[in-house]
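J.: Provided herewith: protein_32.csv, CSV, C-alpha atoms.
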```csv
chain,number,residue,atom,x,y,z
A,1,MET,CA,24.4,-26.8,-47.3
A,2,LYS,CA,23.6,-23.1,-47.9
A,3,LYS,CA,19.9,-23.8,-47.5
A,4,LEU,CA,20.4,-25.7,-44.3
A,5,PHE,CA,22.4,-22.8,-42.8
A,6,THR,CA,19.7,-20.4,-43.7
A,7,LEU,CA,17.0,-22.5,-42.0
A,8,THR,CA,19.2,-23.0,-39.0
A,9,ALA,CA,19.8,-19.3,-38.8
A,10,LEU,CA,16.1,-18.5,-39.1
A,11,ALA,CA,15.3,-20.9,-36.3
A,12,ALA,CA,17.9,-19.2,-34.1
A,13,VAL,CA,16.3,-15.8,-34.8
A,14,THR,CA,12.9,-17.2,-34.1
A,15,THR,CA,14.1,-18.5,-30.7
A,16,VAL,CA,15.6,-15.2,-29.8
A,17,VAL,CA,12.4,-13.3,-30.7
A,18,THR,CA,10.3,-15.8,-28.7
A,19,CYS,CA,12.5,-15.3,-25.7
A,20,ALA,CA,12.5,-11.5,-26.1
A,21,HIS,CA,8.7,-11.6,-25.9
A,22,GLY,CA,8.7,-13.6,-22.7
A,23,GLN,CA,7.4,-16.9,-24.0
A,24,ASP,CA,9.8,-18.8,-21.8
A,25,PHE,CA,9.1,-16.8,-18.7
A,26,PRO,CA,9.8,-17.7,-16.0
A,27,GLY,CA,12.8,-19.7,-17.1
A,28,LYS,CA,14.0,-22.8,-15.3
A,29,ASP,CA,16.4,-22.2,-12.4
A,30,LYS,CA,15.6,-18.5,-12.5
A,31,VAL,CA,14.7,-16.5,-9.4
A,32,ILE,CA,12.2,-13.6,-9.2
A,33,THR,CA,13.0,-10.9,-6.8
A,34,ILE,CA,10.3,-8.8,-5.3
A,35,VAL,CA,11.7,-5.5,-3.9
A,36,VAL,CA,9.9,-4.2,-0.8
A,37,PRO,CA,10.9,-0.6,0.0
A,38,PHE,CA,10.4,-1.1,3.7
A,39,ALA,CA,12.0,-3.0,6.5
A,40,ALA,CA,11.5,-6.7,7.1
A,41,GLY,CA,8.7,-7.7,9.5
A,42,GLY,CA,6.4,-4.8,8.7
A,43,PRO,CA,2.9,-5.0,7.2
A,44,THR,CA,4.1,-4.4,3.6
A,45,ASP,CA,6.8,-7.0,4.0
A,46,ARG,CA,4.3,-9.5,5.3
A,47,VAL,CA,2.0,-8.9,2.3
A,48,ALA,CA,4.9,-9.4,-0.1
A,49,ARG,CA,5.9,-12.7,1.5
A,50,ASP,CA,2.3,-14.0,1.5
A,51,VAL,CA,1.6,-13.0,-2.1
A,52,ALA,CA,5.0,-14.4,-3.3
A,53,GLU,CA,4.1,-17.7,-1.8
A,54,ALA,CA,0.7,-17.7,-3.4
A,55,MET,CA,2.2,-16.8,-6.8
A,56,ARG,CA,4.8,-19.5,-6.9
A,57,LYS,CA,2.5,-22.3,-8.0
A,58,PRO,CA,0.9,-20.4,-11.0
A,59,LEU,CA,4.4,-19.4,-12.0
A,60,GLY,CA,5.5,-23.0,-12.3
A,61,GLY,CA,7.1,-23.3,-8.8
A,62,VAL,CA,9.7,-20.6,-9.5
A,63,SER,CA,11.7,-19.3,-6.6
A,64,ILE,CA,10.6,-15.9,-5.4
A,65,VAL,CA,12.7,-14.0,-2.9
A,66,ILE,CA,12.1,-10.7,-1.0
A,67,ASP,CA,14.6,-7.9,-1.1
A,68,ASN,CA,14.0,-5.3,1.6
A,69,ALA,CA,15.4,-2.1,0.3
A,70,ALA,CA,14.2,0.3,2.9
A,71,GLY,CA,14.8,4.0,3.4
A,72,ALA,CA,13.8,7.5,2.3
A,73,GLY,CA,10.1,6.9,2.6
A,74,SER,CA,10.1,4.0,0.0
A,75,THR,CA,12.0,6.0,-2.7
A,76,ILE,CA,15.2,3.9,-2.4
A,77,GLY,CA,13.4,0.7,-3.2
A,78,ASN,CA,11.2,2.2,-5.9
A,79,ALA,CA,14.3,3.7,-7.6
A,80,LYS,CA,16.1,0.4,-7.5
A,81,VAL,CA,13.3,-1.3,-9.5
A,82,ALA,CA,12.9,1.6,-11.9
A,83,ARG,CA,16.6,1.1,-12.8
A,84,ALA,CA,16.4,-2.8,-12.9
A,85,ARG,CA,16.6,-5.0,-15.9
A,86,ASN,CA,13.2,-5.1,-17.5
A,87,ASP,CA,13.0,-8.9,-17.9
A,88,GLY,CA,10.3,-9.7,-15.3
A,89,TYR,CA,12.7,-11.0,-12.7
A,90,THR,CA,12.8,-7.9,-10.6
A,91,LEU,CA,9.4,-6.6,-9.3
A,92,LEU,CA,8.3,-4.0,-6.8
A,93,LEU,CA,5.6,-4.4,-4.2
A,94,THR,CA,4.7,-1.2,-2.4
A,95,HIS,CA,1.8,0.6,-0.8
A,96,VAL,CA,0.0,4.0,-1.0
A,97,GLY,CA,3.5,5.6,-1.0
A,98,MET,CA,3.5,5.2,-4.8
A,99,ALA,CA,0.9,7.9,-4.9
A,100,THR,CA,2.2,10.2,-2.1
A,101,THR,CA,5.9,10.4,-2.8
A,102,PRO,CA,5.4,12.3,-6.0
A,103,VAL,CA,3.8,15.1,-3.9
A,104,LEU,CA,5.9,14.7,-0.7
A,105,TYR,CA,9.3,14.8,-2.5
A,106,ARG,CA,10.2,17.7,-4.7
A,107,LYS,CA,12.8,15.6,-6.6
A,108,LEU,CA,12.5,11.9,-7.2
A,109,PRO,CA,15.0,9.6,-9.0
A,110,TYR,CA,12.1,8.1,-10.9
A,111,ASN,CA,8.7,9.0,-12.4
A,112,TYR,CA,5.8,7.1,-11.0
A,113,GLU,CA,3.9,7.3,-14.3
A,114,THR,CA,6.6,6.5,-16.9
A,115,ASP,CA,9.2,4.3,-15.2
A,116,PHE,CA,7.0,1.4,-14.1
A,117,GLU,CA,4.7,-1.2,-15.7
A,118,TYR,CA,1.6,-1.5,-13.5
A,119,LEU,CA,0.7,-5.1,-12.8
A,120,GLY,CA,-2.4,-5.0,-10.4
A,121,MET,CA,-3.6,-4.1,-7.0
A,122,ILE,CA,-3.4,-6.6,-4.2
A,123,ASN,CA,-5.3,-5.5,-1.1
A,124,ASP,CA,-6.8,-2.6,0.9
A,125,VAL,CA,-5.9,-2.2,4.5
A,126,PRO,CA,-8.5,-0.1,6.4
A,127,MET,CA,-7.6,2.5,9.0
A,128,THR,CA,-9.2,3.3,12.4
A,129,LEU,CA,-9.5,6.6,14.2
A,130,ILE,CA,-8.7,5.9,17.9
A,131,GLY,CA,-8.4,8.0,21.0
A,132,LYS,CA,-6.6,7.9,24.3
A,133,PRO,CA,-8.5,6.0,27.0
A,134,GLN,CA,-8.9,9.2,29.1
A,135,LEU,CA,-11.1,11.0,26.5
A,136,GLU,CA,-14.6,11.7,27.7
A,137,SER,CA,-16.1,11.5,24.2
A,138,SER,CA,-18.0,8.2,23.9
A,139,ASN,CA,-18.9,8.4,20.2
A,140,PHE,CA,-17.8,10.3,17.1
A,141,LYS,CA,-20.5,13.0,17.4
A,142,ASP,CA,-19.2,13.9,20.8
A,143,LEU,CA,-15.6,13.7,19.6
A,144,ARG,CA,-16.3,16.0,16.7
A,145,ASP,CA,-17.9,18.6,19.0
A,146,TRP,CA,-14.9,18.4,21.3
A,147,ILE,CA,-12.4,18.8,18.4
A,148,GLY,CA,-14.4,21.8,17.1
A,149,LYS,CA,-14.2,23.5,20.5
A,150,ASN,CA,-10.5,22.8,21.2
A,151,GLY,CA,-8.8,23.0,17.7
A,152,THR,CA,-5.1,23.2,18.1
A,153,LYS,CA,-5.3,22.0,21.7
A,154,VAL,CA,-6.0,18.6,20.3
A,155,ASN,CA,-2.9,16.5,19.7
A,156,LEU,CA,-3.1,14.3,16.6
A,157,GLY,CA,-0.3,11.8,16.4
A,158,ASN,CA,1.1,10.0,13.4
A,159,ALA,CA,3.9,7.5,12.5
A,160,GLY,CA,6.0,10.1,10.7
A,161,ILE,CA,5.9,12.6,7.8
A,162,GLY,CA,4.5,10.8,4.8
A,163,SER,CA,3.3,7.8,6.7
A,164,ALA,CA,-0.2,6.4,6.2
A,165,SER,CA,-1.3,7.8,9.6
A,166,HIS,CA,0.0,11.2,8.7
A,167,LEU,CA,-1.9,11.3,5.4
A,168,CYS,CA,-5.1,10.1,7.2
A,169,GLY,CA,-4.7,12.9,9.7
A,170,LEU,CA,-4.2,15.5,7.0
A,171,LEU,CA,-7.4,14.4,5.3
A,172,PHE,CA,-9.3,14.2,8.5
A,173,GLN,CA,-8.4,17.8,9.4
A,174,SER,CA,-9.2,18.9,5.9
A,175,GLU,CA,-12.7,17.4,6.1
A,176,MET,CA,-13.2,18.6,9.6
A,177,LYS,CA,-12.0,22.1,8.6
A,178,VAL,CA,-10.2,22.3,11.9
A,179,GLU,CA,-6.5,22.6,12.4
A,180,MET,CA,-5.1,20.3,15.2
A,181,THR,CA,-1.6,20.0,16.5
A,182,THR,CA,0.2,17.3,14.6
A,183,VAL,CA,2.7,15.2,16.5
A,184,PRO,CA,5.0,13.1,14.3
A,185,TYR,CA,6.7,10.0,15.7
A,186,LYS,CA,9.3,7.6,14.3
A,187,GLY,CA,6.9,4.8,13.7
A,188,THR,CA,3.5,3.6,14.9
A,189,ALA,CA,4.8,1.8,18.0
A,190,PRO,CA,5.9,5.0,19.9
A,191,ALA,CA,2.8,6.9,18.7
A,192,ILE,CA,0.5,4.2,20.2
A,193,ALA,CA,2.6,4.1,23.4
A,194,ASP,CA,2.1,7.9,23.9
A,195,LEU,CA,-1.6,7.5,23.0
A,196,LEU,CA,-2.0,4.9,25.7
A,197,GLY,CA,-0.1,7.1,28.1
A,198,GLY,CA,-2.3,10.1,27.3
A,199,GLN,CA,0.5,12.3,25.8
A,200,ILE,CA,-1.5,12.6,22.6
A,201,ASP,CA,-5.2,12.6,22.0
A,202,LEU,CA,-5.9,10.9,18.7
A,203,LEU,CA,-4.3,8.6,16.1
A,204,CYS,CA,-5.5,7.4,12.7
A,205,ASP,CA,-3.7,4.2,11.8
A,206,GLN,CA,-4.2,0.9,9.9
A,207,THR,CA,-6.0,-2.0,11.4
A,208,THR,CA,-2.9,-4.1,11.4
A,209,ASN,CA,-1.5,-1.8,14.2
A,210,THR,CA,-4.7,-0.9,16.1
A,211,THR,CA,-7.0,-4.0,16.2
A,212,SER,CA,-5.2,-5.6,19.2
A,213,GLN,CA,-5.4,-2.4,21.2
A,214,ILE,CA,-9.1,-2.0,20.4
A,215,GLU,CA,-9.8,-5.6,21.3
A,216,ALA,CA,-7.9,-5.2,24.6
A,217,LYS,CA,-10.0,-2.0,25.3
A,218,LYS,CA,-6.8,0.0,25.8
A,219,VAL,CA,-7.9,2.8,23.4
A,220,LYS,CA,-11.2,4.3,22.4
A,221,PRO,CA,-12.3,3.5,18.8
A,222,TYR,CA,-14.4,6.1,17.1
A,223,ALA,CA,-14.5,5.2,13.4
A,224,VAL,CA,-13.1,3.2,10.5
A,225,THR,CA,-12.1,4.9,7.2
A,226,THR,CA,-13.9,2.6,4.8
A,227,LEU,CA,-17.3,3.3,3.2
A,228,LYS,CA,-18.7,0.1,4.7
A,229,ARG,CA,-18.3,-1.3,8.2
A,230,LEU,CA,-15.7,-4.0,8.6
A,231,ALA,CA,-16.7,-7.6,9.0
A,232,THR,CA,-14.1,-8.7,11.5
A,233,PRO,CA,-15.5,-9.5,14.9
A,234,VAL,CA,-13.4,-6.9,16.8
A,235,LEU,CA,-14.3,-4.0,14.4
A,236,LYS,CA,-17.8,-4.8,13.1
A,237,ASP,CA,-19.6,-2.5,15.5
A,238,ILE,CA,-17.4,0.5,14.8
A,239,PRO,CA,-19.1,3.1,12.5
A,240,THR,CA,-17.6,4.5,9.4
A,241,LEU,CA,-16.6,8.2,9.1
A,242,ASP,CA,-18.9,8.2,6.1
A,243,GLU,CA,-22.0,7.2,8.1
A,244,SER,CA,-20.9,9.5,10.9
A,245,GLY,CA,-21.3,12.6,8.7
A,246,MET,CA,-18.0,12.8,6.8
A,247,LYS,CA,-19.5,11.8,3.5
A,248,ASN,CA,-17.3,9.7,1.1
A,249,PHE,CA,-14.3,9.8,3.6
A,250,GLN,CA,-12.2,6.8,2.6
A,251,VAL,CA,-8.6,6.1,3.3
A,252,THR,CA,-7.0,2.7,2.9
A,253,ILE,CA,-3.4,1.5,2.7
A,254,TRP,CA,-3.5,-0.4,-0.6
A,255,HIS,CA,-0.7,-2.5,-2.0
A,256,GLY,CA,0.2,-3.0,-5.7
A,257,LEU,CA,2.7,-4.8,-7.8
A,258,TYR,CA,5.0,-3.2,-10.4
A,259,ALA,CA,7.7,-4.0,-13.0
A,260,PRO,CA,10.4,-1.9,-14.7
A,261,LYS,CA,9.2,0.1,-17.7
A,262,GLY,CA,9.7,-1.9,-21.0
A,263,THR,CA,9.1,-5.3,-19.5
A,264,PRO,CA,7.8,-7.5,-22.5
A,265,PRO,CA,4.0,-7.6,-22.7
A,266,ALA,CA,3.9,-11.4,-22.6
A,267,VAL,CA,5.9,-11.4,-19.3
A,268,LEU,CA,3.6,-8.8,-17.8
A,269,LYS,CA,0.6,-10.9,-18.8
A,270,THR,CA,2.2,-14.0,-17.2
A,271,ILE,CA,2.8,-12.2,-13.9
A,272,ASN,CA,-0.7,-10.6,-13.9
A,273,ASP,CA,-2.3,-13.9,-14.5
A,274,ALA,CA,-0.3,-15.4,-11.6
A,275,LEU,CA,-1.3,-12.5,-9.4
A,276,LYS,CA,-5.0,-13.1,-10.2
A,277,VAL,CA,-4.7,-16.7,-9.2
A,278,ALA,CA,-2.9,-15.8,-6.0
A,279,LEU,CA,-5.6,-13.4,-5.0
A,280,LYS,CA,-8.2,-16.2,-5.1
A,281,ASP,CA,-6.0,-18.5,-3.1
A,282,PRO,CA,-8.0,-19.4,0.1
A,283,GLU,CA,-4.8,-19.5,2.2
A,284,PHE,CA,-3.7,-16.1,1.0
A,285,ILE,CA,-7.1,-14.6,1.6
A,286,LYS,CA,-7.1,-16.1,5.2
A,287,LYS,CA,-3.7,-14.5,5.9
A,288,GLU,CA,-4.8,-11.1,4.6
A,289,GLU,CA,-7.9,-11.2,6.7
A,290,GLY,CA,-5.7,-12.0,9.7
A,291,LEU,CA,-3.9,-8.7,8.9
A,292,GLY,CA,-7.2,-6.8,8.7
A,293,ALA,CA,-6.8,-6.5,5.0
A,294,VAL,CA,-9.4,-6.9,2.2
A,295,VAL,CA,-8.2,-8.7,-0.9
A,296,VAL,CA,-8.9,-6.8,-4.1
A,297,THR,CA,-11.6,-8.4,-6.3
A,298,ASP,CA,-12.6,-5.4,-8.5
A,299,LYS,CA,-11.2,-4.0,-11.8
A,300,ARG,CA,-8.1,-2.6,-10.1
A,301,ILE,CA,-6.5,-6.0,-10.6
A,302,GLU,CA,-6.1,-5.1,-14.2
A,303,PRO,CA,-2.9,-3.1,-15.0
A,304,ILE,CA,-4.7,-0.2,-16.8
A,305,GLU,CA,-7.2,0.2,-13.9
A,306,HIS,CA,-4.4,-0.1,-11.4
A,307,LYS,CA,-2.6,2.9,-13.0
A,308,LYS,CA,-5.8,4.9,-13.2
A,309,PHE,CA,-6.4,4.4,-9.5
A,310,VAL,CA,-2.9,5.5,-8.5
A,311,GLN,CA,-3.2,8.6,-10.7
A,312,ALA,CA,-6.5,9.4,-9.0
A,313,GLU,CA,-4.8,8.9,-5.6
A,314,VAL,CA,-2.1,11.4,-6.5
A,315,ALA,CA,-4.7,13.9,-7.5
A,316,ARG,CA,-6.6,13.3,-4.2
A,317,PHE,CA,-3.6,13.5,-1.8
A,318,GLY,CA,-1.7,16.2,-3.7
A,319,PRO,CA,-3.8,19.3,-2.8
A,320,VAL,CA,-4.1,18.2,0.9
A,321,ILE,CA,-0.4,17.7,1.2
A,322,LYS,CA,0.4,21.0,-0.6
A,323,ALA,CA,-2.1,22.9,1.5
A,324,ALA,CA,-0.4,21.6,4.7
A,325,GLY,CA,3.0,22.6,3.3
A,326,VAL,CA,4.5,19.3,4.3
A,327,TYR,CA,7.5,17.9,2.4
A,328,ALA,CA,9.8,15.0,3.2
A,329,ASP,CA,13.0,16.5,1.7
```
What's the structure tokens form of this structure?
T.:
Amino acid sequence: MKKLFTLTALAAVTTVVTCAHGQDFPGKDKVITIVVPFAAGGPTDRVARDVAEAMRKPLGGVSIVIDNAAGAGSTIGNAKVARARNDGYTLLLTHVGMATTPVLYRKLPYNYETDFEYLGMINDVPMTLIGKPQLESSNFKDLRDWIGKNGTKVNLGNAGIGSASHLCGLLFQSEMKVEMTTVPYKGTAPAIADLLGGQIDLLCDQTTNTTSQIEAKKVKPYAVTTLKRLATPVLKDIPTLDESGMKNFQVTIWHGLYAPKGTPPAVLKTINDALKVALKDPEFIKKEEGLGAVVVTDKRIEPIEHKKFVQAEVARFGPVIKAAGVYAD
């Protein structure tokens, strides 16, 4: 009887250890929550819902729900995941803000390097430099000359402090070595509305927000912010800033997936494996292309390379943001 008890107890301990290392992940009747630190309906929310659907099958059909925890430039949602239980059932999907908030905010309730497990990159969303329809400049060379002559008389709009368009604008001015007048808005929609109306001169924003305006010929497109021209029919003839003389200029709005620090390695591997399958899903790729996004196929899909990339982005954006003296708090 004593021997039977010992074997039973050993089996129980083995079961606990197996569960602790994530061998049963995801469990039956469990739900995975992907926290998106932005409002529902926006580009990042759409990416999250598409990738969640593509990951369901490789995760055994588990239910995946989206939790929109918007506010404070993504820091509310990020902090929520940093404090979450590290069992793999709460994840974070966010964009380039993971690399810019550490510079924009003097104090954060989390550490981007130590409070998260990096799971892999998802996509890159290119950006476009567009101008108001009244601008006389017909190409980037003419635009560059015009900016050089007018400097602070040029109004460069953005979707708000810390937004992707704001960061693109800061980098653009840094590379141009010309200070323009920056005009922040509460979102891309009002910025584009004023661009169309001629109240501002230029805007650098992601293709998800600008492609329809370019296709309708309501704005003047001058360049894209990728190193290679884009393949989409509407944007394929627009030159890159790199080929236009601003060598190695590249800004994309990338998205990545994260888990709370301390999530078991086996769980992380299961999620990363599912993500890799999702990124090869033809339907997912089609949806991303529809957003003007490019699905990641390079080494950044690996957790360690994902983290290295984010660290490099922090190093790249940090000096530009600090030089501009811009802070969100």
J.: Have a look at A:Asp67, A:Glu175, A:Asp124, A:Asp50 and name the one nearest to Val81 (chain A); count all atoms listed in the file.
T.: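 Among the listed residues, the smallest separation from Val81 (chain A) belongs to A:Asp67.
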J.: With all atoms listed in the file as the atoms that count, which of A:Pro265, A:Gly27, A:Gly120, A:Pro133 lies nearest to Ala216 (chain A)?
T.: A:Pro133
J.: Go ahead and compute the interatomic distance for CA of Ser138 (chain A) and CA of Ile253 (chain A), in Å to one decimal.
T.: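 According to the coordinates, CA of Ser138 (chain A) and CA of Ile253 (chain A) are separated by 26.6 Å.
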J.: Using all atoms listed in the file, which of A:Ala324, A:Ile285, A:Leu129, A:Ile32 sits nearest Cys168 (chain A)?
T.: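 For Cys168 (chain A), the nearest of the given residues is A:Leu129.
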J.: For region 317-321 of chain A, work out the shell of residues within 10 Å, counting all atoms listed in the file and skipping chain neighbours fewer than 2 positions away, then give it as JSON, numbers by chain.
T.: {"A": [99, 100, 101, 102, 103, 104, 162, 166, 167, 168, 170, 171, 173, 174, 312, 313, 314, 315, 323, 324, 325, 326, 327]}
J.: I need the residue nearest His306 (chain A) from this list: A:Tyr105, A:Tyr222, A:Tyr118, A:Tyr185. Use all atoms listed in the file for the distance.
T.: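 Using all atoms listed in the file, His306 (chain A) sits closest to A:Tyr118.
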J.: With distances taken over all atoms listed in the file, which of A:Thr128, A:Lys322, A:Arg85, A:Gly77 is nearest to Pro264 (chain A)?
T.: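 Checking each candidate against Pro264 (chain A), we get A:Arg85 as the closest.
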J.: Rounded to one decimal, what separation in Å do you get between CA of Trp254 (chain A) and CA of Val125 (chain A)?
T.: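 Going from CA of Trp254 (chain A) over to CA of Val125 (chain A) covers 5.9 Å.
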J.: Need to verify the contact set: region 294-300 of chain A, 6 Å, all atoms listed in the file, exclusion of same-chain residues closer than 2 positions in sequence. Can you return it as a ChimeraX atom specification?
T.: /A:121-124,302,305-306
J.: Skipping near chain neighbours, those fewer than 2 positions away, what residues fall within 9 Å of region 223-226 of chain A using only C-alpha atoms, listed as a PyMOL selection string?
T.: chain A and resi 126-130+139-140+168+204+207+221+228-230+235+238-242+244+248-252
J.: Taking C-alpha atoms for each residue, export the selection above as a PDB file, in the frame of the given file.
T.:
```pdb
ATOM      1  CA  PRO A 126      -8.500  -0.100   6.400  1.00  0.00           C
ATOM      2  CA  MET A 127      -7.600   2.500   9.000  1.00  0.00           C
ATOM      3  CA  THR A 128      -9.200   3.300  12.400  1.00  0.00           C
ATOM      4  CA  LEU A 129      -9.500   6.600  14.200  1.00  0.00           C
ATOM      5  CA  ILE A 130      -8.700   5.900  17.900  1.00  0.00           C
ATOM      6  CA  ASN A 139     -18.900   8.400  20.200  1.00  0.00           C
ATOM      7  CA  PHE A 140     -17.800  10.300  17.100  1.00  0.00           C
ATOM      8  CA  CYS A 168      -5.100  10.100   7.200  1.00  0.00           C
ATOM      9  CA  CYS A 204      -5.500   7.400  12.700  1.00  0.00           C
ATOM     10  CA  THR A 207      -6.000  -2.000  11.400  1.00  0.00           C
ATOM     11  CA  PRO A 221     -12.300   3.500  18.800  1.00  0.00           C
ATOM     12  CA  LYS A 228     -18.700   0.100   4.700  1.00  0.00           C
ATOM     13  CA  ARG A 229     -18.300  -1.300   8.200  1.00  0.00           C
ATOM     14  CA  LEU A 230     -15.700  -4.000   8.600  1.00  0.00           C
ATOM     15  CA  LEU A 235     -14.300  -4.000  14.400  1.00  0.00           C
ATOM     16  CA  ILE A 238     -17.400   0.500  14.800  1.00  0.00           C
ATOM     17  CA  PRO A 239     -19.100   3.100  12.500  1.00  0.00           C
ATOM     18  CA  THR A 240     -17.600   4.500   9.400  1.00  0.00           C
ATOM     19  CA  LEU A 241     -16.600   8.200   9.100  1.00  0.00           C
ATOM     20  CA  ASP A 242     -18.900   8.200   6.100  1.00  0.00           C
ATOM     21  CA  SER A 244     -20.900   9.500  10.900  1.00  0.00           C
ATOM     22  CA  ASN A 248     -17.300   9.700   1.100  1.00  0.00           C
ATOM     23  CA  PHE A 249     -14.300   9.800   3.600  1.00  0.00           C
ATOM     24  CA  GLN A 250     -12.200   6.800   2.600  1.00  0.00           C
ATOM     25  CA  VAL A 251      -8.600   6.100   3.300  1.00  0.00           C
ATOM     26  CA  THR A 252      -7.000   2.700   2.900  1.00  0.00           C
TER      27      THR A 252
END
```
J.: Rounded to one decimal in Å, what is the spacing between CA of Lys286 (chain A) and CA of Thr44 (chain A)?
T.: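 According to the coordinates, CA of Lys286 (chain A) and CA of Thr44 (chain A) are separated by 16.3 Å.
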J.: Residues at most 10 Å from Arg46 (chain A), counting all atoms listed in the file, excluding those fewer than 3 positions away in the same chain, as a PyMOL selection string?
T.: chain A and resi 36+40-43+49-52+287-288+291
J.: So which one's closest to Leu59 (chain A), A:Gly88, A:Gly169, A:Gly97, A:Pro303? Using all atoms listed in the file, please.
T.: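 Looking at the shortest contact to Leu59 (chain A), the residue is A:Gly88.
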J.: I'd like the neighbourhood of region 187-202 of chain A as a ChimeraX atom specification, where a residue qualifies if any of its atoms comes within 8 Å (using only C-alpha atoms), though same-chain residues fewer than 3 positions away should be ignored.
T.: /A:129-135,154-160,183-184,205,209,218-219
J.: Please write a file for region 243-277 of chain A, taken from the block I just shared, that holds C-alpha atoms and is laid out as a PDB file, in the first residue's frame.
T.:
```
ATOM      1  CA  GLU A 243      16.511  56.149 -54.370  1.00  0.00           C
ATOM      2  CA  SER A 244      15.612  59.843 -54.218  1.00  0.00           C
ATOM      3  CA  GLY A 245      18.837  60.659 -52.414  1.00  0.00           C
ATOM      4  CA  MET A 246      18.011  60.040 -48.744  1.00  0.00           C
ATOM      5  CA  LYS A 247      20.149  56.913 -48.483  1.00  0.00           C
ATOM      6  CA  ASN A 248      18.936  54.107 -46.227  1.00  0.00           C
ATOM      7  CA  PHE A 249      15.874  56.068 -45.138  1.00  0.00           C
ATOM      8  CA  GLN A 250      13.437  53.446 -43.939  1.00  0.00           C
ATOM      9  CA  VAL A 251      10.423  53.727 -41.637  1.00  0.00           C
ATOM     10  CA  THR A 252       7.732  51.090 -41.329  1.00  0.00           C
ATOM     11  CA  ILE A 253       4.969  50.491 -38.822  1.00  0.00           C
ATOM     12  CA  TRP A 254       5.791  46.967 -37.758  1.00  0.00           C
ATOM     13  CA  HIS A 255       3.732  44.756 -35.455  1.00  0.00           C
ATOM     14  CA  GLY A 256       4.945  42.133 -33.009  1.00  0.00           C
ATOM     15  CA  LEU A 257       3.577  39.607 -30.519  1.00  0.00           C
ATOM     16  CA  TYR A 258       4.589  39.436 -26.835  1.00  0.00           C
ATOM     17  CA  ALA A 259       3.875  37.484 -23.637  1.00  0.00           C
ATOM     18  CA  PRO A 260       4.450  38.345 -19.969  1.00  0.00           C
ATOM     19  CA  LYS A 261       7.945  37.670 -18.644  1.00  0.00           C
ATOM     20  CA  GLY A 262       8.376  34.190 -17.219  1.00  0.00           C
ATOM     21  CA  THR A 263       5.954  32.424 -19.547  1.00  0.00           C
ATOM     22  CA  PRO A 264       7.174  28.788 -19.763  1.00  0.00           C
ATOM     23  CA  PRO A 265       9.521  28.084 -22.698  1.00  0.00           C
ATOM     24  CA  ALA A 266       7.312  25.262 -24.030  1.00  0.00           C
ATOM     25  CA  VAL A 267       4.331  27.630 -24.131  1.00  0.00           C
ATOM     26  CA  LEU A 268       6.374  30.276 -25.923  1.00  0.00           C
ATOM     27  CA  LYS A 269       7.499  27.712 -28.500  1.00  0.00           C
ATOM     28  CA  THR A 270       3.914  26.574 -29.092  1.00  0.00           C
ATOM     29  CA  ILE A 271       2.781  30.155 -29.687  1.00  0.00           C
ATOM     30  CA  ASN A 272       5.759  30.983 -31.898  1.00  0.00           C
ATOM     31  CA  ASP A 273       5.207  27.832 -33.967  1.00  0.00           C
ATOM     32  CA  ALA A 274       1.545  28.801 -34.426  1.00  0.00           C
ATOM     33  CA  LEU A 275       2.546  32.325 -35.438  1.00  0.00           C
ATOM     34  CA  LYS A 276       4.929  30.975 -38.079  1.00  0.00           C
ATOM     35  CA  VAL A 277       2.111  28.866 -39.528  1.00  0.00           C
TER      36      VAL A 277
END
```
